[in-house]
Each structure stands twice: as C-alpha cells, then as structure tokens.
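Novice: What follows is a structure written as structure tokens; I'll ask about it next.
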Amino acid sequence: MYPHFKAVADHALLVTFADQISDDAHASVIALDKAITSNPPDGVIETVPALVNLLIAFDPIVTDHSMIEGKVRTFLENLTAQRIEGVQRRVQICYETSLAPDLENVASTTGLSIDAVINAHLAGDFQVLMYGFAPGYAYMSGVSENMQVPRKTAPVRDVPAGSVIIAGPQCLITTLTMPTGWSIIGRSPSPIFTGDPAHPFLFDVGDRVAFERIDLKKFENLVREPAYG
Amino acid sequence: MADAELSVTFAGPLVTFQDAGRPGNMRYGVAASGPMDRLAYDTAHAALGNEPDLTVIEVSLGGLMLVCSKGSLTVAITGGDFVVEHAGQKTSSWTILTLRQGEKLAIRAGKAGSWAYLAFAGALTTDDWLGSQATHSTSGFGGGAVQAGRSLVISDTNLRDDRLGDIAKPEFIPSGPIRVVIGPQDQHFTSQAIEHFTSATFSVTDAYDRMGMRLSGPALELDGALSIPSEPIVRGSVQVSGDGVPTILLADHQTTGGYPKIATVISCDTDSLTQLRAGQIMRFVSITGQQSIDEVRNFAIRRKQYLEEVSIARGSLEQRLMRENLIHGFIEG
C-alpha cells in the first residue's frame, strides 16, 4: 500500500510512506527529496519534506499528477537502501537561568537535577525532521526519554527568538518572538537565518545537530555581533 | 525620470507591501506570501503597462489614506469593489488615475471584496527578504505593514495619460461553487463529513486574515483520528480542527500542520475566495485531480487573454476620440 500518492488540488502531489512516524518512513522522505531536488523533473517548483510524506509542488500548466507520479516511481526504484547521512551541525546554547525559565521545572518534573537535564540535552543526537509553524522553525527529534516533558496546558506569550524549547521527544530553536507551550531550557546565539542568500537557513531537513554549551558572557558577546538577527 | 513621495496618513490593520511572492522556501517553513488575490494584483500591473512582479500596497477592509507630497505619478487600483476617493472625486476600484502633488487618495471598503491593490507607475522599494518584498504577515518579514506616518518614495515615476480611466473587470471568473479536490487526508473523516462538506453551505467568520479563513457550518466529524503526523500544507488547504471546524489556509499559511485536510481549493479559485467577507456564504464542489488540471489550464488561457487585453493602452482622450470616429466611419462605410 505504501508509498501512496494523493493529488493536492491541481498543483501538488503528496507521496506518503507510512501513517505513523518512523525512522524508516522519514529516511524514505529524505531520500526521495534528495533525488528530486538533485534532478528536478520538468515543472517541479519545490518539495516539502515532512515526517511521513513529501509534498511535490508543480506548475499545472507544464505537468500533472500522473506525470510526477511516474517520475517519482522511477526515482524510488533507483534509490539505494543506504540512508542519506545529514550534515552534522553544531549549535551553541546558554543554559543561564535568566535565559532558561523552564529548566528548573523540567528538572523537578523529570526528577533529575538541573545539571543532569543539561547533560542529557548536551548528550542528545538531534535530527532535523521538518520545518513548520513559522519561518525557520526546524523540528528536531532526539530529546532523550529521561528529560521529556509534555507541552504546557497554556502557551506563554512573547518568548524571545533564539529560545531552545522542548516538548515530548522534540526540540527546536525559535526564530521569532512568539507564544509557545513548549518548555524553554536555554537560548542559542546561533542564527537560523544565516543571511547568506545561497544558503539562507542553517539546517536542511535530515541534518544532525549537537548542542555546545556556552556561558552567559560568551552568549552576550555573540549576540552583540552584527551577524546575529 | 523623477521621484514621487507619498505620505501615508492612515492605514488599517493588515495593509501590507506585497510583490509576486517568494515560492521555493516552503521546505524551510516559509509560505510564498504575495497577494491574496493574485489576479487583481496582476491586473493592476498589466493595466499600467508595468513589469509583472513590482511591489504594491495590498489594502485590507481597514483602508488606506495617503497624500502625494512630492512629484506626480499614475497609479492603478484593482480588487473587490472598494471606494476610491481622489482629489474630491469618488470612484471605485478597477481604475487608473494620476496623483499630483498635494492630492489625497483614499481607498476604503466598499460594497464587496476584502482586498484591493494599489500599484504604481514607478518603482517602490521596501525591505527584501529571501529575494522578495512580499510581507509575511505573522513574522513581519519582507516589506512589512504599511503604517501611518510613513513616507514612500516611488522612483522612476511615469505619467500614463494613455491609460487613465476604468479597467475592465475580470468577468470571465466562474461564479459557481468553490472547486476542490478532496484530500489529501480525507481518510480521517467520516463519509458523512465528506458528504456535508460538498453539499452544505458554509459562511466566512471574522477569523479571517492573510494566514487563513475560518468557516462556520456543519461540524465535519473526524473518523477517530486524534493525532496524525504533521503533514505539508499549501495555499488552499482546508484543514479541520478537532471540533470539526474547517479553516482554509491562504497566502501566509503554515507549511506543515497536524490537523487533517479534508480538501484543497484549486489554484484558480483561491483569488475569488479571498474576496469574500465575514458573513458571506459559499459552497464547495468536488472535482478530480485530472479535472482540476483541465480547469486550471483553461482558466490560464482566459486569464492570459484578459491580461493582454487590459494591458493595451487605450490612448489619450484625443486619441480615443479619433479612434472612435475611425471605427464609427468604418462601420458606416
């Protein structure tokens, strides 16, 4: 039954690999995404990788759903079983209490000490699964089980950009001042918007991310640099 | 060529700078943005004889007032049925006029329509983000919101006397129900919900902005699906929240989301959809993916023809009178 193909109005095709989140399904999404973006069929405008499926947006004047489906089937036949290893990225994080208002609560909820929460986060192997919610919001998997906390019952307003937030197994770095119901465990000075037109976002879907701890002084020095923001 | 300066004296909420948008960034969480009504936007530029992707002001129901504080230039106003007041004269949208120093221009909500476009015979340069000046309303990136007190410099201005007057409205737009392709997550709905969706009437609620339009109508019952993996969203996706309420995602939509999508509005029907207002009713009709391709291709031909027609300068008043006489003479002869 999988993969299955579904028309999205006149201008996109959704290719789905599973109905539940799994590493295999996401690996297939990334592999197909890579195949299409490296060799885009006529009329393809962009692709959107998500957790279990890939959206292929196209110009309906140039091509149609069945032509794209045909191309995708050919790509899938030629995909190797080997997984695509994402690029390893390092992101700095400051866990200073003033920048991490929920760290203490995460510790008390999970029964860990604050240092143990920080160490568990630093030891995490994060992978960018997809972007969503707002520009540059990269959802990462990899929050270790012992430090997982559920979403808050009510969102907190005006959470600053650069906040590192967690909910369940997921972690992300905010790019805008926005409300969030996730727990704020630190702040990162690493800009997700790189300012480089050729590579405007720090991560690609599939990238691996490791956090590197910095102190408040270094954080403050880094955010004063003009490259940020 | 000269510059003109426009001083904004009033701008309602959701009045923003827009250009043709920034497609290609959905994989990074960035919708294409750009005009809510893309046909009205394209028409404004075609009618002025402009390049097709210049920056305009998208005017919401809140309205816009400005004064020409320096220079003069020709502008086009399209979209909906807005009231246009210029130098003491009242007209409506779908018009081209020349603003001269000291003259005021007001664009206000009229009998119908939610979005109007003010395009300039000249270049308006605002903040660029990812190669486009289109405002992404939730982040404020791109050109941004138009605010009172702001002064806009339009460079390389033109006076287009040969284009003044009414712009023919796009009468070719189908007026029937909004056409959708069912899915892509229709498997999460009861068959009754799908049936309701394509047979009942829905009305637009007040919860309508550049991100989306929430509807009111019969609850669309989910078939047990409580939590589905986040899936991609497009302009036109009809997502249904847990309480059965549908929302149509529009220009500044999120790019992924966990609410199932019962259907997707076909691309050529989103423009007229965006011109509806709170309280107005609509129906949906389901067509297949292949039918949607045929419909969109037919529409594209008529759209192109229309834009070509409105792009023809009709000439100055004198030239127009001459031509009328010639045609008249030809028919008589």
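In the structure tokens, chains take letters A, B, ... by order of appearance, with residues numbered from 1 within each chain and ligands from 1 in the order shown.
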Per residue of chain A within 10 Å of chain B, which atom pair is closest and at what distance in Å (one decimal), using only C-alpha atoms, listed by chain and increasing number, as a Markdown table?
Specialist:
| residue | atom | partner | partner_atom | distance |
| --- | --- | --- | --- | --- |
| A:Phe5 | CA | B:Pro184 | CA | 9.0 |
| A:Lys6 | CA | B:Pro184 | CA | 5.9 |
| A:Ala7 | CA | B:Gly289 | CA | 5.7 |
| A:Val8 | CA | B:Pro184 | CA | 6.1 |
| A:Ala9 | CA | B:Ile266 | CA | 4.9 |
| A:Asp10 | CA | B:Ser292 | CA | 5.1 |
| A:His11 | CA | B:Ser267 | CA | 7.3 |
| A:Ala12 | CA | B:Val234 | CA | 8.6 |
| A:Leu13 | CA | B:Pro184 | CA | 9.0 |
| A:Leu14 | CA | B:Pro184 | CA | 7.4 |
| A:Val15 | CA | B:Pro184 | CA | 10.0 |
| A:Thr16 | CA | B:Glu231 | CA | 9.5 |
| A:Ala18 | CA | B:Pro229 | CA | 9.7 |
| A:Asp19 | CA | B:Pro229 | CA | 7.6 |
| A:Gln20 | CA | B:Pro229 | CA | 6.6 |
| A:Ile21 | CA | B:Pro229 | CA | 6.5 |
| A:Ile45 | CA | B:Gly24 | CA | 6.6 |
| A:Glu46 | CA | B:Gly24 | CA | 5.3 |
| A:Thr47 | CA | B:Arg27 | CA | 6.5 |
| A:Val48 | CA | B:Arg27 | CA | 4.6 |
| A:Pro49 | CA | B:Arg27 | CA | 6.4 |
| A:Ala50 | CA | B:Glu231 | CA | 5.8 |
| A:Leu51 | CA | B:Pro229 | CA | 6.5 |
| A:Val52 | CA | B:Pro229 | CA | 7.1 |
| A:Asn53 | CA | B:Glu231 | CA | 6.9 |
| A:Leu54 | CA | B:Pro232 | CA | 7.6 |
| A:Leu55 | CA | B:Pro232 | CA | 6.4 |
| A:Ile56 | CA | B:Pro232 | CA | 9.7 |
| A:Ala57 | CA | B:Val234 | CA | 8.8 |
| A:Asp59 | CA | B:Ile293 | CA | 9.9 |
| A:Pro60 | CA | B:Ile293 | CA | 6.1 |
| A:Ile61 | CA | B:Arg297 | CA | 5.9 |
| A:Val62 | CA | B:Arg297 | CA | 9.4 |
| A:Thr63 | CA | B:Ile293 | CA | 8.9 |
| A:Asp64 | CA | B:Ile293 | CA | 6.8 |
| A:His65 | CA | B:Gly289 | CA | 7.4 |
| A:Ser66 | CA | B:Gln290 | CA | 8.6 |
| A:Met130 | CA | B:Arg27 | CA | 7.5 |
| A:Tyr131 | CA | B:Gly29 | CA | 4.9 |
| A:Gly132 | CA | B:Gly29 | CA | 4.6 |
| A:Phe133 | CA | B:Gln254 | CA | 5.3 |
| A:Ala134 | CA | B:Gly29 | CA | 5.6 |
| A:Pro135 | CA | B:Gly29 | CA | 4.5 |
| A:Gly136 | CA | B:Tyr28 | CA | 5.5 |
| A:Tyr137 | CA | B:Gly29 | CA | 6.5 |
| A:Ala138 | CA | B:Tyr28 | CA | 7.6 |
| A:Thr175 | CA | B:Ser139 | CA | 9.4 |
| A:Leu176 | CA | B:Ser139 | CA | 7.0 |
| A:Thr177 | CA | B:Ser139 | CA | 8.7 |
| A:Met178 | CA | B:Ser139 | CA | 9.1 |
| A:Gly195 | CA | B:Leu130 | CA | 8.9 |
| A:Asp196 | CA | B:Leu130 | CA | 9.4 |
| A:Pro197 | CA | B:Leu130 | CA | 6.8 |
| A:Ala198 | CA | B:Leu130 | CA | 9.7 |
| A:Pro200 | CA | B:Leu130 | CA | 7.5 |
| A:Phe201 | CA | B:Tyr28 | CA | 7.2 |
| A:Leu202 | CA | B:Tyr28 | CA | 9.8 |
| A:Phe203 | CA | B:Tyr28 | CA | 8.6 |
| A:Asp204 | CA | B:Tyr28 | CA | 7.9 |
| A:Val205 | CA | B:Arg27 | CA | 8.0 |
Novice: Which polymer residues have any atom within 6 Å of an atom of Asp19 (chain B), counting only C-alpha atoms, with same-chain residues fewer than 3 positions away left out, as a list in words?
Specialist: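 Returned residues: Gly34, Asp53, Leu54, Thr55, Gln133 and Ala134 of chain B.
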Novice: Write the residues of the preceding selection, restricted to N, CA and C atoms, as a compact mmCIF listing (two decimals), in the first residue's frame.
Specialist:
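Contents of the output file result_5.txt:
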# COMPACT_ATOMS: atom_id res chain seq x y z
N GLY B 34 2.86 36.96 -0.86
CA GLY B 34 2.38 37.60 -2.09
C GLY B 34 0.91 37.94 -1.94
N ASP B 53 5.99 41.93 -11.62
CA ASP B 53 6.26 41.49 -10.24
C ASP B 53 6.62 42.63 -9.29
N LEU B 54 6.23 43.86 -9.64
CA LEU B 54 6.60 45.01 -8.81
C LEU B 54 5.83 45.04 -7.50
N THR B 55 6.38 45.79 -6.56
CA THR B 55 5.78 45.89 -5.22
C THR B 55 4.58 46.83 -5.24
N GLN B 133 9.90 41.21 -1.69
CA GLN B 133 9.43 42.24 -0.76
C GLN B 133 8.05 41.92 -0.20
N ALA B 134 7.50 40.77 -0.59
CA ALA B 134 6.17 40.39 -0.08
C ALA B 134 6.21 40.28 1.44
Novice: Can you tell me which residues surround Ser108 (chain A) at a distance of at most 12 Å, considering only C-alpha atoms, apart from same-chain residues fewer than 5 positions away, and format the answer as an mmCIF file with N, CA and C atoms, in the first residue's frame?
Specialist:
data_model
loop_
_atom_site.group_PDB
_atom_site.id
_atom_site.type_symbol
_atom_site.label_atom_id
_atom_site.label_comp_id
_atom_site.auth_asym_id
_atom_site.auth_seq_id
_atom_site.Cartn_x
_atom_site.Cartn_y
_atom_site.Cartn_z
ATOM 1 N N ASP A 102 12.335 27.599 32.165
ATOM 2 C CA ASP A 102 11.652 26.341 32.483
ATOM 3 C C ASP A 102 12.600 25.216 32.888
ATOM 4 N N LEU A 103 13.883 25.513 32.941
ATOM 5 C CA LEU A 103 14.858 24.462 33.225
ATOM 6 C C LEU A 103 14.579 23.796 34.583
ATOM 7 N N SER A 113 18.362 16.390 38.375
ATOM 8 C CA SER A 113 18.910 17.681 38.803
ATOM 9 C C SER A 113 19.012 18.565 37.556
ATOM 10 N N ILE A 114 19.144 19.886 37.760
ATOM 11 C CA ILE A 114 19.289 20.794 36.614
ATOM 12 C C ILE A 114 20.512 20.403 35.781
ATOM 13 N N ASP A 115 21.612 20.080 36.455
ATOM 14 C CA ASP A 115 22.811 19.675 35.710
ATOM 15 C C ASP A 115 22.573 18.409 34.897
ATOM 16 N N ALA A 116 21.799 17.486 35.462
ATOM 17 C CA ALA A 116 21.521 16.234 34.734
ATOM 18 C C ALA A 116 20.662 16.520 33.489
ATOM 19 N N VAL A 117 19.728 17.463 33.601
ATOM 20 C CA VAL A 117 18.917 17.839 32.431
ATOM 21 C C VAL A 117 19.824 18.440 31.357
ATOM 22 N N ASN A 146 14.587 10.396 29.329
ATOM 23 C CA ASN A 146 14.569 10.761 30.756
ATOM 24 C C ASN A 146 14.338 12.246 31.007
ATOM 25 N N MET A 147 14.450 13.086 29.961
ATOM 26 C CA MET A 147 14.202 14.519 30.178
ATOM 27 C C MET A 147 12.966 15.030 29.421
ATOM 28 N N GLN A 148 12.166 14.104 28.891
ATOM 29 C CA GLN A 148 10.988 14.533 28.131
ATOM 30 C C GLN A 148 9.884 15.050 29.059
ATOM 31 N N VAL A 149 9.278 16.165 28.639
ATOM 32 C CA VAL A 149 8.136 16.720 29.376
ATOM 33 C C VAL A 149 7.030 17.035 28.369
#
Novice: From a DSSP calculation on the backbone, collect every residue of region 161-212 of chain A in strand (DSSP E or B) and output the set as an MDAnalysis selection string.
Specialist: chainID A and resid 163:167 170:173 178:180 183:187 193 201 208:212
Novice: Between B:Ile167, B:Leu39, B:Leu321, B:Ala106, which is the closest to Ser272 (chain B) once you count only C-alpha atoms?
Specialist: B:Leu39
Novice: So what do you get for CA of Tyr41 (chain B) versus CA of Val59 (chain B), distance-wise?
Specialist: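 Pair CA of Tyr41 (chain B) / CA of Val59 (chain B) returns 11.2 Å.
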Novice: For CA of Ala123 (chain A) and CA of Val29 (chain A), determine how far apart the two atoms are, in Å to one decimal place.
Specialist: 26.2 Å
